[in-house]
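Report on the structure given below.
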Amino acid sequence: MARTLVDKIWDAHVVRSIASGQDVVYIDRHLIHEVTSPQAFDEIAARGLELFRPSQIIATADHNVPTLNQHLPIAEPLSRSQVDKLTENCRKYGIELYGLGHQRQGIVHVIGPELGLTQPGLTMVCGDSHTSTHGAFGAVAFGIGTSQVAQVMASQCLLLTRPKRMRVSVEGELRPGVTAKDLILYIIAQLGTGGATGYFVEYAGSAVRGLSMEGRMTVCNMSIEMGARGGLIAPDATTFAYVEGRPFAPKGQAWNDAVAYWQTLYSDEDAVFDAEFVYDAADITPMITYGTNPGMGIALTGQIPSQVAEAEAESFDKSLKYMGFERGESLLGKQIDYVFIGSCTNSRIEDLRTVAAYVAGKQKAQHVEAIIVPGSKQVEQQAIAEGIDKILAAAGFELREPGCSACLAMNEDKIPAGKYCVATSNRNFEGRQGPGSRTLLASPLVAAITAVQGRIVDITQYLN
Amino acid sequence: MEKFQTLHTTGRPLPLENIDTDQIIPARFLKATTREGFGENLFRDWRYNADGSPKADFVLNDPRYGGQILVAGKNFGCGSSREHAAWALYDAGFRTVISSYFADIFRGNALNTGLLPLQVSDEVLARLLAAIEADPQLELVVDLPAQTLAVPAWGETFSFAIDPYKKECLLNGYDDIDFLVNQKSAIEAYEQQRAWTW
């Protein structure tokens, strides 16, 4: 019987099915971080359980960590205690920790792929909704709650209902200045912030296949922003080339066997999806969000909708009031206070290269504070090796040390109340970047150009 | 986890759509390493001013409203996977959230916390929100064994769906972890027969 990609991977991981319809699904890799793991470790201890497969758990400290002076003890006591607790738990249970000071520390969804831990055909979970990022490799990867973190620790399995299947295809070539971030913001704007709830989304079509692994990760990362549990892309030569040679990638004969298996991971031609959408790449222009959920996106040169359904009016107007915008308005010309380039969505070397290529020889606008937070120590070192750090510094951008940073403002990196920030991250929720902060989501290219111009512009007029 | 059977209470209306988990519990309050105490920061930035004084017009500060059910707009609990959102609602005394649909991860987290996500139609949700605003004392009866939500004042009872396994867990206070740990021999057998091991 014809099967979709998700079903092929799912079927290969079903330990058994139970009468009410759920499957006991085996989890290959479990990523953990300091914020959503301590209560799970406590639960394991309180129940007198052991970790079932500690070698399949990989830990990093990312959500809370400062992005300045990481060599010093963490100043903020609560953050320090959470990071210390993670270190202590990893030591106690023999879990590999890529913590502060490790040359491979970084955002959990950046280091998994870098280490070659993320591979096609795997099931991967993390107590973090952006675990969907790893779907870029053709893995079934999704975020879980802390109770489930404890379940995976105790059994390496979860009890799950098979998701519905959606395919979103984007065909054709992306226009100049249009990136993976614009592609996913466009899809979310089409489907809405809850439009894919209950589904796993497979991204397909020539525009998606044409993306680099970094671009594919950006797309899959934001699947959760339309409610999807996960998103994934069938692995191909681009995927294999990225994985090959990484520390945890299969080697020798195992590599050949792995690739032979990975080449079977695609949706069969006759496979049936529960929902299917097809978009034309030529319709996608550089995007930006104007509201307080990621579905509230428009073309940079477009207008905020003036009409909405009556049932949505109260939420819509509350959102615009928070942002200080009005119905029907264009964002062009709006002055911006901050630019944040970072997060598990856009903090990889390709993103930093894009920014550096644009700002080389230019200066950020004087009133803008521009912060770049690399996704990992590896990205940071690569940027230094390529001289990107110097280009950024000369343009007035501040290159920080790795972490989640101002994406969710758990550390000191916050946008002040009422200020506007063009951010390459994934969420523009009220207060996400700090109480009262106003976030406009966009691509690294849009962010770089905005930082230089100091206001929202039609970037297609400013491309190098 | 506490057992859940029936609930006779009133509801608090929050007629906004797409309420994300950053609103339910902002990230800066996720630094605790235990499950308790999140209730005081539930809806922190909607509930309190920057100086910590309560915002009088927010539903949790409005003395007209009370009860253990939050009635909220569609797509409740979207965004971050933080289970702390469900813990905060539970810690603040809520035992049920009624909405016309829930984000996936939140739904699972709520069920694992002993908080019932009760899904009704858009139409019933709109009626409930209007009726509670008109009469904050409107009695609501949740009967989990019967899978019904009754509004005695209307003489109406609505059925709701819940996964039969999760229903058993809620009724008995069971967690998935108990079940999964008992599957060890099947899990080990699965590991043995896997064709690939990289």
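Scheme for the structure tokens: letters A, B, ... for chains in order shown; per-chain residue numbers from 1; ligand numbers from 1 in order shown.
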8 Å contacts from chain A to chain B using only C-alpha atoms, as an mmCIF file with C-alpha atoms, in the first residue's frame:
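As written to disk, result.cif reads:
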```cif
data_model
loop_
_atom_site.group_PDB
_atom_site.id
_atom_site.type_symbol
_atom_site.label_atom_id
_atom_site.label_comp_id
_atom_site.auth_asym_id
_atom_site.auth_seq_id
_atom_site.Cartn_x
_atom_site.Cartn_y
_atom_site.Cartn_z
ATOM 1 C CA VAL A 15 6.663 -1.090 19.260
ATOM 2 C CA ARG A 16 3.029 -2.116 19.573
ATOM 3 C CA SER A 20 -7.820 2.470 21.969
ATOM 4 C CA VAL A 24 3.821 2.895 21.572
ATOM 5 C CA TYR A 26 10.093 4.264 19.911
ATOM 6 C CA VAL A 35 14.229 24.609 31.237
ATOM 7 C CA THR A 36 11.937 21.643 30.557
ATOM 8 C CA PRO A 38 14.457 19.382 35.820
ATOM 9 C CA GLN A 39 10.925 18.337 36.792
ATOM 10 C CA LEU A 78 17.610 31.431 38.952
ATOM 11 C CA SER A 79 19.160 30.874 35.523
ATOM 12 C CA GLN A 82 18.617 25.784 36.342
ATOM 13 C CA GLY A 127 10.810 19.467 25.445
ATOM 14 C CA ASP A 128 10.680 22.317 22.974
ATOM 15 C CA SER A 129 8.123 22.979 20.270
ATOM 16 C CA GLY A 143 8.106 18.938 20.716
ATOM 17 C CA ILE A 144 6.810 17.374 23.910
ATOM 18 C CA GLY A 145 5.816 18.457 27.414
ATOM 19 C CA THR A 146 7.797 17.712 30.553
ATOM 20 C CA SER A 147 5.617 14.717 31.550
ATOM 21 C CA ALA A 150 10.011 11.855 31.851
ATOM 22 C CA GLN A 151 8.226 9.119 29.863
ATOM 23 C CA ALA A 154 11.901 6.029 31.597
ATOM 24 C CA SER A 155 11.037 3.990 28.513
ATOM 25 C CA CYS A 157 8.923 5.556 24.082
ATOM 26 C CA LEU A 158 5.785 7.679 23.929
ATOM 27 C CA LEU A 159 2.159 6.690 23.622
ATOM 28 C CA THR A 193 -1.768 30.082 13.161
ATOM 29 C CA GLY A 194 -3.915 27.002 13.883
ATOM 30 C CA THR A 197 -3.273 21.589 14.098
ATOM 31 C CA GLY A 198 -3.365 17.795 14.275
ATOM 32 C CA ILE A 224 4.506 24.555 14.928
ATOM 33 C CA GLU A 225 3.575 28.187 14.195
ATOM 34 C CA GLY A 227 -0.195 24.346 14.801
ATOM 35 C CA ALA A 228 1.495 21.365 13.119
ATOM 36 C CA ARG A 229 3.122 18.909 15.462
ATOM 37 C CA ALA A 249 27.114 10.279 11.125
ATOM 38 C CA PRO A 250 27.447 6.609 10.157
ATOM 39 C CA ALA A 254 27.264 1.699 7.830
ATOM 40 C CA ALA A 258 22.247 4.151 5.843
ATOM 41 C CA ASN A 293 0.876 35.598 16.099
ATOM 42 C CA GLU A 312 -11.950 37.370 15.077
ATOM 43 C CA GLU A 314 -11.721 41.444 19.111
ATOM 44 C CA SER A 315 -8.491 39.415 19.015
ATOM 45 C CA LEU A 408 12.172 34.321 24.235
ATOM 46 C CA ALA A 409 14.017 36.733 26.538
ATOM 47 C CA MET A 410 14.665 34.282 29.363
ATOM 48 C CA ASN A 411 18.136 35.719 29.803
ATOM 49 C CA PHE A 429 3.564 36.846 20.669
ATOM 50 C CA GLU A 430 2.858 39.680 23.108
ATOM 51 C CA GLY A 431 5.828 40.116 25.408
ATOM 52 C CA ARG A 432 7.772 37.295 23.794
ATOM 53 C CA PRO A 435 7.260 42.649 28.536
#
```
### Message
DSSP on the backbone: which residues in region 107-190 of chain B end up as alpha helix (DSSP H)? Give the answer as a PyMOL selection string.
### Response
chain B and resi 107-113+122-134+164-172+176-181+184-190
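Those residues that approach region 83-96 of chain A to within 7 Å, counting only C-alpha atoms, are Glu34, Pro38, Pro54, Ser55, Ile57, Ile58, Ala59, Ala61 and Ser79 of chain A; same-chain residues fewer than 4 positions away are not listed.
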Save the residues we just selected, N, CA, C and O atoms, as a JSON list (two decimals), in the first residue's frame?
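So the final result, stored in selection-v7.json, reads:
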```json
[["chain", "number", "residue", "atom", "x", "y", "z"],
["A", 34, "GLU", "N", 17.91, 22.94, 29.79],
["A", 34, "GLU", "CA", 17.78, 23.21, 31.22],
["A", 34, "GLU", "C", 16.37, 23.58, 31.68],
["A", 34, "GLU", "O", 16.05, 23.40, 32.86],
["A", 38, "PRO", "N", 14.23, 19.67, 34.39],
["A", 38, "PRO", "CA", 14.46, 19.38, 35.82],
["A", 38, "PRO", "C", 13.30, 18.63, 36.48],
["A", 38, "PRO", "O", 13.54, 17.68, 37.25],
["A", 54, "PRO", "N", 20.15, 6.16, 28.58],
["A", 54, "PRO", "CA", 20.78, 7.49, 28.70],
["A", 54, "PRO", "C", 21.69, 7.84, 27.53],
["A", 54, "PRO", "O", 21.88, 9.03, 27.24],
["A", 55, "SER", "N", 22.23, 6.84, 26.83],
["A", 55, "SER", "CA", 23.12, 7.16, 25.70],
["A", 55, "SER", "C", 22.35, 7.77, 24.53],
["A", 55, "SER", "O", 22.95, 8.32, 23.61],
["A", 57, "ILE", "N", 20.16, 10.19, 24.97],
["A", 57, "ILE", "CA", 19.79, 11.53, 25.40],
["A", 57, "ILE", "C", 20.98, 12.46, 25.20],
["A", 57, "ILE", "O", 22.11, 12.10, 25.54],
["A", 58, "ILE", "N", 20.73, 13.64, 24.65],
["A", 58, "ILE", "CA", 21.79, 14.61, 24.39],
["A", 58, "ILE", "C", 21.34, 15.93, 25.02],
["A", 58, "ILE", "O", 20.21, 16.37, 24.80],
["A", 59, "ALA", "N", 22.22, 16.55, 25.80],
["A", 59, "ALA", "CA", 21.83, 17.75, 26.53],
["A", 59, "ALA", "C", 22.66, 18.97, 26.14],
["A", 59, "ALA", "O", 23.84, 18.85, 25.80],
["A", 61, "ALA", "N", 22.80, 23.50, 27.24],
["A", 61, "ALA", "CA", 22.23, 24.64, 27.96],
["A", 61, "ALA", "C", 22.09, 25.77, 26.95],
["A", 61, "ALA", "O", 23.09, 26.19, 26.35],
["A", 79, "SER", "N", 18.63, 31.49, 36.75],
["A", 79, "SER", "CA", 19.16, 30.87, 35.52],
["A", 79, "SER", "C", 20.32, 29.96, 35.87],
["A", 79, "SER", "O", 20.44, 28.84, 35.36]]
```
### Query
region 134-136 of chain B: which residues within 8 Å, counting only C-alpha atoms, same-chain residues fewer than 3 positions away excluded, as a list in words?
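So, after excluding close chain neighbours, the residues are Thr10, Gly11, Arg12, Arg64, Tyr65, Gly66, Ala130 and Ala131 of chain B.
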### Contact residues around Asp317 (chain A) with only C-alpha atoms at 12 Å, ignoring same-chain residues under 3 positions, as a ChimeraX atom specification
/A:290-292,304-314,320-328 /B:16-17
Skipping near chain neighbours, those fewer than 4 positions away, what residues fall within 10 Å of region 150-153 of chain B using only C-alpha atoms, listed as a PDB file with all heavy atoms, in the first residue's frame?
```pdb
ATOM      1  N   HIS B   8     -18.852  20.590  39.400  1.00  0.00           N
ATOM      2  CA  HIS B   8     -20.001  21.506  39.425  1.00  0.00           C
ATOM      3  C   HIS B   8     -19.426  22.864  39.765  1.00  0.00           C
ATOM      4  O   HIS B   8     -18.984  23.067  40.892  1.00  0.00           O
ATOM      5  CB  HIS B   8     -21.001  21.120  40.521  1.00  0.00           C
ATOM      6  CG  HIS B   8     -21.723  19.855  40.260  1.00  0.00           C
ATOM      7  ND1 HIS B   8     -23.058  19.796  39.932  1.00  0.00           N
ATOM      8  CD2 HIS B   8     -21.274  18.575  40.262  1.00  0.00           C
ATOM      9  CE1 HIS B   8     -23.400  18.531  39.747  1.00  0.00           C
ATOM     10  NE2 HIS B   8     -22.341  17.780  39.950  1.00  0.00           N
ATOM     11  N   LEU B 128     -21.722  30.143  25.334  1.00  0.00           N
ATOM     12  CA  LEU B 128     -21.220  30.066  26.711  1.00  0.00           C
ATOM     13  C   LEU B 128     -20.579  31.381  27.137  1.00  0.00           C
ATOM     14  O   LEU B 128     -20.838  31.890  28.237  1.00  0.00           O
ATOM     15  CB  LEU B 128     -20.189  28.940  26.840  1.00  0.00           C
ATOM     16  CG  LEU B 128     -20.712  27.518  26.973  1.00  0.00           C
ATOM     17  CD1 LEU B 128     -19.556  26.519  26.866  1.00  0.00           C
ATOM     18  CD2 LEU B 128     -21.454  27.325  28.297  1.00  0.00           C
ATOM     19  N   LEU B 138     -23.620  31.461  36.271  1.00  0.00           N
ATOM     20  CA  LEU B 138     -24.142  30.368  35.446  1.00  0.00           C
ATOM     21  C   LEU B 138     -23.458  29.049  35.824  1.00  0.00           C
ATOM     22  O   LEU B 138     -22.239  28.927  35.749  1.00  0.00           O
ATOM     23  CB  LEU B 138     -23.900  30.661  33.961  1.00  0.00           C
ATOM     24  CG  LEU B 138     -24.499  29.646  32.989  1.00  0.00           C
ATOM     25  CD1 LEU B 138     -26.014  29.870  32.848  1.00  0.00           C
ATOM     26  CD2 LEU B 138     -23.830  29.748  31.629  1.00  0.00           C
ATOM     27  N   GLU B 139     -24.278  28.080  36.232  1.00  0.00           N
ATOM     28  CA  GLU B 139     -23.709  26.815  36.683  1.00  0.00           C
ATOM     29  C   GLU B 139     -23.330  25.927  35.493  1.00  0.00           C
ATOM     30  O   GLU B 139     -24.087  25.812  34.516  1.00  0.00           O
ATOM     31  CB  GLU B 139     -24.729  26.076  37.567  1.00  0.00           C
ATOM     32  CG  GLU B 139     -24.149  24.858  38.235  1.00  0.00           C
ATOM     33  CD  GLU B 139     -25.207  23.977  38.894  1.00  0.00           C
ATOM     34  OE1 GLU B 139     -26.417  24.233  38.715  1.00  0.00           O
ATOM     35  OE2 GLU B 139     -24.814  23.003  39.564  1.00  0.00           O
ATOM     36  N   LEU B 140     -22.153  25.319  35.572  1.00  0.00           N
ATOM     37  CA  LEU B 140     -21.691  24.392  34.539  1.00  0.00           C
ATOM     38  C   LEU B 140     -21.380  23.065  35.217  1.00  0.00           C
ATOM     39  O   LEU B 140     -20.804  23.044  36.302  1.00  0.00           O
ATOM     40  CB  LEU B 140     -20.422  24.920  33.863  1.00  0.00           C
ATOM     41  CG  LEU B 140     -20.513  26.313  33.223  1.00  0.00           C
ATOM     42  CD1 LEU B 140     -19.131  26.775  32.764  1.00  0.00           C
ATOM     43  CD2 LEU B 140     -21.483  26.303  32.044  1.00  0.00           C
ATOM     44  N   VAL B 141     -21.760  21.976  34.568  1.00  0.00           N
ATOM     45  CA  VAL B 141     -21.512  20.659  35.152  1.00  0.00           C
ATOM     46  C   VAL B 141     -20.746  19.802  34.141  1.00  0.00           C
ATOM     47  O   VAL B 141     -21.249  19.511  33.054  1.00  0.00           O
ATOM     48  CB  VAL B 141     -22.837  19.952  35.543  1.00  0.00           C
ATOM     49  CG1 VAL B 141     -22.534  18.601  36.201  1.00  0.00           C
ATOM     50  CG2 VAL B 141     -23.664  20.835  36.466  1.00  0.00           C
ATOM     51  N   VAL B 142     -19.539  19.443  34.504  1.00  0.00           N
ATOM     52  CA  VAL B 142     -18.730  18.560  33.656  1.00  0.00           C
ATOM     53  C   VAL B 142     -18.813  17.164  34.251  1.00  0.00           C
ATOM     54  O   VAL B 142     -18.536  16.968  35.436  1.00  0.00           O
ATOM     55  CB  VAL B 142     -17.256  19.011  33.622  1.00  0.00           C
ATOM     56  CG1 VAL B 142     -16.421  18.054  32.768  1.00  0.00           C
ATOM     57  CG2 VAL B 142     -17.134  20.436  33.097  1.00  0.00           C
ATOM     58  N   ASP B 143     -19.219  16.203  33.430  1.00  0.00           N
ATOM     59  CA  ASP B 143     -19.314  14.810  33.871  1.00  0.00           C
ATOM     60  C   ASP B 143     -18.393  13.997  32.966  1.00  0.00           C
ATOM     61  O   ASP B 143     -18.743  13.686  31.826  1.00  0.00           O
ATOM     62  CB  ASP B 143     -20.774  14.352  33.747  1.00  0.00           C
ATOM     63  CG  ASP B 143     -20.973  12.933  34.282  1.00  0.00           C
ATOM     64  OD1 ASP B 143     -19.993  12.152  34.312  1.00  0.00           O
ATOM     65  OD2 ASP B 143     -22.116  12.609  34.654  1.00  0.00           O
ATOM     66  N   THR B 157     -27.549  19.651  27.493  1.00  0.00           N
ATOM     67  CA  THR B 157     -26.344  18.881  27.795  1.00  0.00           C
ATOM     68  C   THR B 157     -25.616  18.625  26.487  1.00  0.00           C
ATOM     69  O   THR B 157     -26.238  18.243  25.494  1.00  0.00           O
ATOM     70  CB  THR B 157     -26.726  17.542  28.460  1.00  0.00           C
ATOM     71  OG1 THR B 157     -27.400  17.844  29.692  1.00  0.00           O
ATOM     72  CG2 THR B 157     -25.498  16.707  28.770  1.00  0.00           C
ATOM     73  N   PHE B 158     -24.317  18.885  26.492  1.00  0.00           N
ATOM     74  CA  PHE B 158     -23.512  18.695  25.281  1.00  0.00           C
ATOM     75  C   PHE B 158     -22.513  17.563  25.506  1.00  0.00           C
ATOM     76  O   PHE B 158     -21.863  17.517  26.550  1.00  0.00           O
ATOM     77  CB  PHE B 158     -22.750  19.979  24.941  1.00  0.00           C
ATOM     78  CG  PHE B 158     -23.634  21.183  24.861  1.00  0.00           C
ATOM     79  CD1 PHE B 158     -23.802  22.017  25.972  1.00  0.00           C
ATOM     80  CD2 PHE B 158     -24.321  21.474  23.689  1.00  0.00           C
ATOM     81  CE1 PHE B 158     -24.636  23.118  25.903  1.00  0.00           C
ATOM     82  CE2 PHE B 158     -25.155  22.586  23.614  1.00  0.00           C
ATOM     83  CZ  PHE B 158     -25.321  23.412  24.735  1.00  0.00           C
ATOM     84  N   SER B 159     -22.379  16.704  24.502  1.00  0.00           N
ATOM     85  CA  SER B 159     -21.371  15.637  24.604  1.00  0.00           C
ATOM     86  C   SER B 159     -20.021  16.183  24.163  1.00  0.00           C
ATOM     87  O   SER B 159     -19.958  17.066  23.308  1.00  0.00           O
ATOM     88  CB  SER B 159     -21.729  14.490  23.674  1.00  0.00           C
ATOM     89  OG  SER B 159     -22.900  13.894  24.133  1.00  0.00           O
TER      90      SER B 159
END
```
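We find CA of Gly215 (chain A) and CA of Ile391 (chain A) to be spaced 22.7 Å apart.
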### Message
Between A:Val259, A:Gly245, A:Gly177, A:Phe316, which residue has the minimum interatomic distance to Leu463 (chain A), considering only C-alpha atoms?
### Response
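Nearest to Leu463 (chain A): A:Gly177.
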### Message
For Met287 (chain A), find every residue with an atom within 8 Å (counting only C-alpha atoms), except residues of its own chain fewer than 5 positions away, and show them as an MDAnalysis selection string.
### Response
chainID A and resid 182 185:186 297:300 442:443
Just C-alpha atoms for this one: save the residues we selected as a CSV table (one decimal), in the first residue's frame.
```csv
chain,number,residue,atom,x,y,z
A,182,ASP,CA,9.7,34.2,3.5
A,185,LEU,CA,6.0,33.0,6.7
A,186,TYR,CA,3.9,33.0,3.5
A,297,GLY,CA,2.1,38.1,8.0
A,298,ILE,CA,2.0,40.2,4.9
A,299,ALA,CA,4.2,41.1,2.0
A,300,LEU,CA,6.7,43.8,3.1
A,442,ALA,CA,11.3,38.5,9.0
A,443,SER,CA,14.2,36.9,7.2
```
### Task
Just give me the gap between CA of Pro444 (chain A) and CA of Glu76 (chain A) in Å, one decimal is fine.
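According to the coordinates, CA of Pro444 (chain A) and CA of Glu76 (chain A) are separated by 29.6 Å.
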### Query
A:His134, A:Arg348, A:Lys181, A:Arg53: which is nearest Gly231 (chain A), counting only C-alpha atoms?
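Under the stated criterion, the closest residue is A:His134.
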